Amino acid sequence: MANGTVIRVLSTLDPSTPHTFINPNKKIHESQDVSTFLTSKAYIDIMTWVLQLNRSMFPLKAADNTIQTWTLKSDAIQYSAPVRQLQRLLSKLEDIIQEVPPDTGPRRFGNISFRRWTEVVESRASDLLNECLPADLLNRGSPDEGATAGTELKSYFLGSWGSGQRLDYGTGHELSFLAFLGGIWKLNGFPKTDPGVEERAIVVGVIHPYLELVRLLIKTYNLEPAGSHGVWGLDDHSFVPYIFGSAQLSPAINDNDLTPEEGSLLNAPDPAGVANAKVVERERQTNLYFSAIGFIYDVKRGPFWEHSPMLFDISGIRAGWGKINKGMIKMYNAEVLSKFPVVQHFPFGSLFSWDRDPNAPLPPSTVHTTSGPQARPVAPDSGHPSVAATRPMPGAWTQAPWAKPGASTQAVPSMGSTAAPWAGARREGVPGSTPSGATRVPSALQDTSSMRPGPIAPTRAPWSAQLQSSPSQDGNADVHTKAPWAK
Amino acid sequence: MSDLDQAIEQLRGCRLIPESQVRELCYKARELLIEEGNVVSVDAPVTICGDIHGQFHDLMELFRVGGDVPDTNYLFMGDFVDRGFYSLESFLLLLCLKVRYPDRITLIRGNHESRQITTVYGFYDECIRKYGSANVWRYCCEVFDYLALGAIVLGASSTLEPTSNTALSSMPADSELETESLNSRGEVMMSTYRPRQRSSSDASTDSRNISPPRDISAAPGQAAAPSRSGAPGTGASGDGNGSATTSRTGAVLCVHGGLSPLIDSVDKIRLIDRKQEVPHEGAMCDLLWSDPDEIEGWGLSPRGAGFLFGGDIVKQFNHLNGLSLVARAHQLVMEGYKEMFDGGIVTVWSAPNYCYRCGNVAAILELGEDASGGGTVARSNGEYGRSNGIVTDNRVISPGRRYRVFEAAAQDTRGMPAKKPVADYFL
């Protein structure tokens with residue numbers, strides 16, 4: 001093992017120790033809070049969980065040098081009982097679509113019936129979770145004090161399906177589903193197995209069906225991208241299939257190998273295949289990356305390089321799927337977890353805690369997270385309006401978060417140093433393209449009965465995180481009509 | 001060939017001009033725009049266009065359908081940038097045309113012509129990607145600050161000369177053509193008529209949709225050679241048959257978003273200090289962000305900026321200002337345009353198959369020149385009909401409106417880029 005570091009696996013709660021659950025709530029109120037988030041236990045846990053799942057998707061090289069890949073149709077992936085239960089949960093949600101067909105009224109972009117779908121899901125959420133998760137897991141904690149494990153899980157579950165108010169879906173919702181699964185993991189809801197065995201069952205058996213359900217929702221109800229850099233985002237709605245899908249095509253490893261940073265699985269499709277409809281049609285059956293690309297083909301018309309220039313550029317990478325995988329993780333860290341519009345509504349409880357990670361460095365005093373909505377408009381001559389460059393990257397830490405001695409079960413993707421694998425993400429002051437944006441947890445908006453969805457992604461003012469009151473209704477122009485968000 | 005003509009030529013070919021030239025162009029544009037008022041006066045004939053959003057090839061299609069600059073006068077209601085792949089090419093071309101033909105093209109500001117919005121919705125990313133630095137983004141944002149907030153179209157004709165004989169023959173007696181919708185081949189898809197306007201006193205806003213949407217291209221003798229009436233942009237020419245119309249065609253206010261509770265007259269728009277980033281609230285913000293809605297009065301906007309406003313607001317505003325129509329953009333409409341509130345406001349949307357996936361068509365709105373002579377044009381300075389606050393019977397007639405509807409440009413003409421730059425995360 002390279003230099004003694006170990007890959008970290010998301011730690012689980014000791015069932016014999018009392019634990020206080022917390023009703024999760026919003027902590028990220030302004031863009032500056034994102035820096036605090038990046039030093040929180042929740043951030044470490046999310047990144048650990050993503051890396052843990054990612055690692056499990058690399059093809060496995062057996063002792064006899066035979067290679068086992070983890071395709072979407074692999075018979076070698078065994079689904080545990082909890083995984084099957086989660087599949088049932090997803091199929092029940094899919095059934096609700098039948099109950100709430102899209103509205104046939106005047107055509108708007110986002111279909112108003114999606115609001116009803118989210119309401120039905122919300123009304124049945126407790127029952128659905130009770131049916132599909134063990135009672136002793138959900139009921140941990142003291143209901144007298146209001147919060148149980150189920151309270152926390154339900155919060156992430158409900159945040160996973162897009163916004164019924166805004167009729168949109170983005171990577172913030174995707175993140176919420178990852179947290180839902182990570183929460184179950186922390187609560188010992190998945191069986192203990194050899195490294196990677198249960199994780200890949202989760203990716204292929206739960207996350208992939210989740211993504212398929214989300215795509216069905218997007219198509220059925222014409223959900224808009226939640227926040228959008230237009231063509232300059234990676235993808236209108238999703239991110240994780242590009243991480244796990246590139247891992248599926250990376251070089252095979254054994255349990256003790258470092259996570260490869262370049263190269264490809266033998267016979268893997270050329271990354272340039274994303275621009276070829278036939279290749280996409282073939283590969284989307286077995287691979288998460290191509291299944292996401294295939295969905296883009298389903299919904300968009302026009303040259304691929306034009307509507308998806310980021311993905312097109314990435315398709316030109318010569319150094320293999322391992323290189324793409326490493327880049328995707330860096331990008332996820334910078335463009336999803338570090339972006340205010342995406343993470344602002346993530347709720348924090350005990351499973352994903354706002355508490356400071358003891359190993360995190362103190363945030364530097366000069367943090368400029370100006371891409372957030374609280375930021376003042378950028379002065380014309382003030383240089384780059386964003387922040388990716390000035391924000392402290394985790395790579396600047398003295399120790400990678402998963403590299404804590406003793407926390408380990410799995411071997412070691414050492415980078416040859418203590419830097420996080422995404423630590424190369426310091427960039428020359430470019431905000432880059434965010435595949436997602438203003439994700440809303442449903443509870444964050446109040447009465448929206450009068451709201452109508454705009455056209456596809458009706459542009460929202462980035463500073464409009466909250467709508468607080470109604471304007472004057474009398475139409476008297478002399479009344480001082482302050483916008484609702486004005487304090 | 002001047003540098004400017006050369007730049008136009010290059011941009012028409014979807015090729016960017018050097019950064020130094022952009023800087024110079026933006027400087028000249030600002031000098032020009034600073035002289036314009038917040039509300040630009042534009043004489044008919046003019047073709048009014050909605051959101052473009054960097055869909056360059058569709059902008060070329062728009063010019064093909066509507067006629068080229070300077071043959072056709074254009075008024076673009078903002079949102080040139082963000083979301084699409086070619087915000088730079090689209091905006092810089094329009095800016096070049098503005099500098100080259102200042103009286104032939106009018107550009108007003110959309111909510112996306114803003115620093116904060118462009119950093120979120122793609123234009124900033126595009127500038128970095130295509131020029132390698134934020135310089136060009138900064139030059140463009142400085143131009144955004146000088147764009148007018150609205151325009152008033154004066155002297156539009158109240159009637160349309162029918163495009164085709166078929167439309168003419170189906171016209172009810174004693175009526176005149178009020179609106180016409182044409183496809184990109186110039187074929188009439190739909191017409192609406194209203195009783196012939198004899199004088200301003202008995203003007204009626206009644207309009208009957210006599211002929212439902214239909215494709216007359218199937219009519220005998222029509223398929224091969226679609227007709228169109230005169231040059232695009234002048235298509236809605238004045239009533240040329242010598243009838244004694246003395247109609248008073250109200251002016252048309254063009255603004256990107258809509259109305260503001262802080263603005264009850266066009267003159268109040270003129271008082272705004274516009275040369276700044278779009279504020280988070282207030283009149284200037286509202287003009288660029290608001291949407292009409294089927295409500296009464298004012299409502300909260302789900303966009304988090306601007307307001308929703310109902311038909312009563314539009315009616316009152318139009319009446320007090322002697323306007324017959326508010327033309328605005330800002331909202332995707334699947335059919336390309338949408339009239340609301342008895343024709344008091346229209347949304348014009350000019351980005352077909354928006355974001356490569358919406359499947360919508362686009363439209364432009366042509367207003368013809370009133371050939372019956374000047375003197376009856378309602379000046380819209382906010383004083384009209386407002387002397388005692390009592391509704392007068394001097395109702396204004398809405399202009400004849402010809403919509404040209406078009407679809408996304410064919411894709412086969414676009415070459416694939418030769419090389420793929422590698423994103424930083426993947427170096």
# chains A, B, ... in the order shown; residues from 1 in each chain; ligands from 1
call {"tool": "residues_around", "arguments": {"residues": "segment 178-190 of chain A", "least_positions_apart": "2", "cutoff": "6 Å", "atoms": "only C-alpha atoms", "output": "list in words"}}
result
Thr12, Leu13, Leu153, Tyr156, Phe157, Leu175 and Ser176 of chain A
call {"tool": "write_last_selection", "arguments": {"atoms": "N, CA and C atoms", "output": "compact mmCIF listing (two decimals), in the first residue's frame"}}
result
# COMPACT_ATOMS: atom_id res chain seq x y z
N THR A 12 -20.29 4.13 10.11
CA THR A 12 -21.67 3.84 10.52
C THR A 12 -21.85 4.11 12.00
N LEU A 13 -23.10 4.33 12.39
CA LEU A 13 -23.39 4.58 13.80
C LEU A 13 -23.32 3.27 14.56
N LEU A 153 -33.97 10.76 7.29
CA LEU A 153 -33.99 10.12 5.96
C LEU A 153 -35.10 10.70 5.08
N TYR A 156 -34.20 13.87 3.21
CA TYR A 156 -33.40 13.69 1.99
C TYR A 156 -34.19 13.00 0.89
N PHE A 157 -35.05 12.07 1.32
CA PHE A 157 -35.90 11.39 0.35
C PHE A 157 -36.78 12.40 -0.40
N LEU A 175 -28.12 15.13 -5.38
CA LEU A 175 -27.31 15.10 -4.16
C LEU A 175 -28.14 14.64 -2.97
N SER A 176 -29.37 15.09 -2.92
CA SER A 176 -30.25 14.70 -1.82
C SER A 176 -30.48 13.19 -1.82
call {"tool": "select_by_dssp", "arguments": {"residues": "segment 146-257 of chain A", "states": "helix (DSSP H, G or I)", "output": "PyMOL selection string"}}
result
chain A and resi 149-158+171-186+197-221+230-232+240-248
call {"tool": "interface_residues", "arguments": {"of": "chain B", "to": "chain A", "cutoff": "7 Å", "atoms": "only C-alpha atoms", "output": "VMD selection string"}}
result
chain B and resid 82 to 85 115 to 116 120 to 122 125 134 138 261 to 264 281 297 to 300 302 to 305 331 to 332 356 to 357 411 420 to 426
call {"tool": "closest_residue", "arguments": {"among": "B:Cys96, B:Leu107, B:Ala29, B:Leu182", "to": "Gln6 of chain B", "atoms": "only C-alpha atoms"}}
result
B:Cys96
call {"tool": "residues_around", "arguments": {"residues": "Val22 of chain B", "least_positions_apart": "4", "cutoff": "10 Å", "atoms": "only C-alpha atoms", "output": "PyMOL selection string"}}
result
chain B and resi 7+16-18+26-28+92+95-96+135-136+139-140
call {"tool": "write_last_selection", "arguments": {"atoms": "N, CA and C atoms", "output": "tab-separated table (two decimals), in the first residue's frame"}}
result
chain	number	residue	atom	x	y	z
B	7	ALA	N	-16.15	43.05	-40.55
B	7	ALA	CA	-16.54	42.37	-39.33
B	7	ALA	C	-17.94	41.76	-39.49
B	16	LEU	N	-15.81	34.55	-35.25
B	16	LEU	CA	-15.60	35.64	-34.30
B	16	LEU	C	-14.57	36.64	-34.81
B	17	ILE	N	-14.67	37.85	-34.32
B	17	ILE	CA	-13.69	38.88	-34.65
B	17	ILE	C	-12.70	38.99	-33.49
B	18	PRO	N	-11.50	39.51	-33.75
B	18	PRO	CA	-10.47	39.57	-32.70
B	18	PRO	C	-10.90	40.45	-31.52
B	26	CYS	N	-17.35	47.81	-29.20
B	26	CYS	CA	-18.13	48.11	-28.01
B	26	CYS	C	-18.00	49.58	-27.63
B	27	TYR	N	-16.83	50.12	-27.87
B	27	TYR	CA	-16.63	51.54	-27.58
B	27	TYR	C	-17.52	52.40	-28.48
B	28	LYS	N	-17.52	52.07	-29.77
B	28	LYS	CA	-18.36	52.82	-30.71
B	28	LYS	C	-19.83	52.66	-30.38
B	92	LEU	N	-22.57	40.16	-31.10
B	92	LEU	CA	-21.60	41.01	-31.80
B	92	LEU	C	-22.09	41.36	-33.20
B	95	LEU	N	-24.67	43.99	-32.79
B	95	LEU	CA	-24.02	45.25	-32.40
B	95	LEU	C	-23.33	45.91	-33.59
B	96	CYS	N	-22.68	45.11	-34.41
B	96	CYS	CA	-22.07	45.63	-35.63
B	96	CYS	C	-23.13	46.28	-36.52
B	135	ASN	N	-12.22	39.49	-20.73
B	135	ASN	CA	-12.21	40.84	-21.30
B	135	ASN	C	-13.42	41.13	-22.17
B	136	VAL	N	-13.69	40.23	-23.08
B	136	VAL	CA	-14.79	40.46	-24.01
B	136	VAL	C	-16.12	40.49	-23.27
B	139	TYR	N	-16.36	43.95	-21.89
B	139	TYR	CA	-16.72	44.95	-22.91
B	139	TYR	C	-18.21	44.87	-23.21
B	140	CYS	N	-18.70	43.66	-23.36
B	140	CYS	CA	-20.12	43.49	-23.70
B	140	CYS	C	-21.02	43.99	-22.57
call {"tool": "select_by_dssp", "arguments": {"residues": "segment 218-356 of chain A", "states": "strand (DSSP E)", "output": "MDAnalysis selection string"}}
result
chainID A and resid 224:225 347:348
call {"tool": "write_last_selection", "arguments": {"atoms": "N, CA, C and O atoms", "output": "PDB file, in the first residue's frame"}}
result
ATOM      1  N   GLU A 224     -37.812  21.277 -16.072  1.00  0.00           N
ATOM      2  CA  GLU A 224     -36.752  22.150 -16.551  1.00  0.00           C
ATOM      3  C   GLU A 224     -35.452  21.854 -15.821  1.00  0.00           C
ATOM      4  O   GLU A 224     -35.468  21.302 -14.731  1.00  0.00           O
ATOM      5  N   PRO A 225     -34.343  22.239 -16.423  1.00  0.00           N
ATOM      6  CA  PRO A 225     -33.077  22.148 -15.692  1.00  0.00           C
ATOM      7  C   PRO A 225     -33.140  23.126 -14.516  1.00  0.00           C
ATOM      8  O   PRO A 225     -33.575  24.252 -14.686  1.00  0.00           O
ATOM      9  N   PRO A 347     -30.359  20.167   3.599  1.00  0.00           N
ATOM     10  CA  PRO A 347     -30.622  20.286   5.040  1.00  0.00           C
ATOM     11  C   PRO A 347     -29.614  19.469   5.860  1.00  0.00           C
ATOM     12  O   PRO A 347     -29.180  18.396   5.434  1.00  0.00           O
ATOM     13  N   PHE A 348     -29.259  19.987   7.010  1.00  0.00           N
ATOM     14  CA  PHE A 348     -28.256  19.334   7.855  1.00  0.00           C
ATOM     15  C   PHE A 348     -28.901  18.836   9.138  1.00  0.00           C
ATOM     16  O   PHE A 348     -29.651  19.563   9.792  1.00  0.00           O
TER      17      PHE A 348
END
call {"tool": "residues_around", "arguments": {"residues": "Gln55 of chain B", "least_positions_apart": "2", "cutoff": "6 Å", "atoms": "only C-alpha atoms", "output": "ChimeraX atom specification"}}
result
/B:52-53,57-58,84,86
call {"tool": "closest_residue", "arguments": {"among": "B:Ile48, B:Val314, B:Leu4, B:Met60", "to": "Gly78 of chain B", "atoms": "only C-alpha atoms"}}
result
B:Ile48
call {"tool": "closest_residue", "arguments": {"among": "A:Gly245, A:Gly349, A:Gly141, A:Pro191", "to": "Lys26 of chain A", "atoms": "only C-alpha atoms"}}
result
A:Gly349
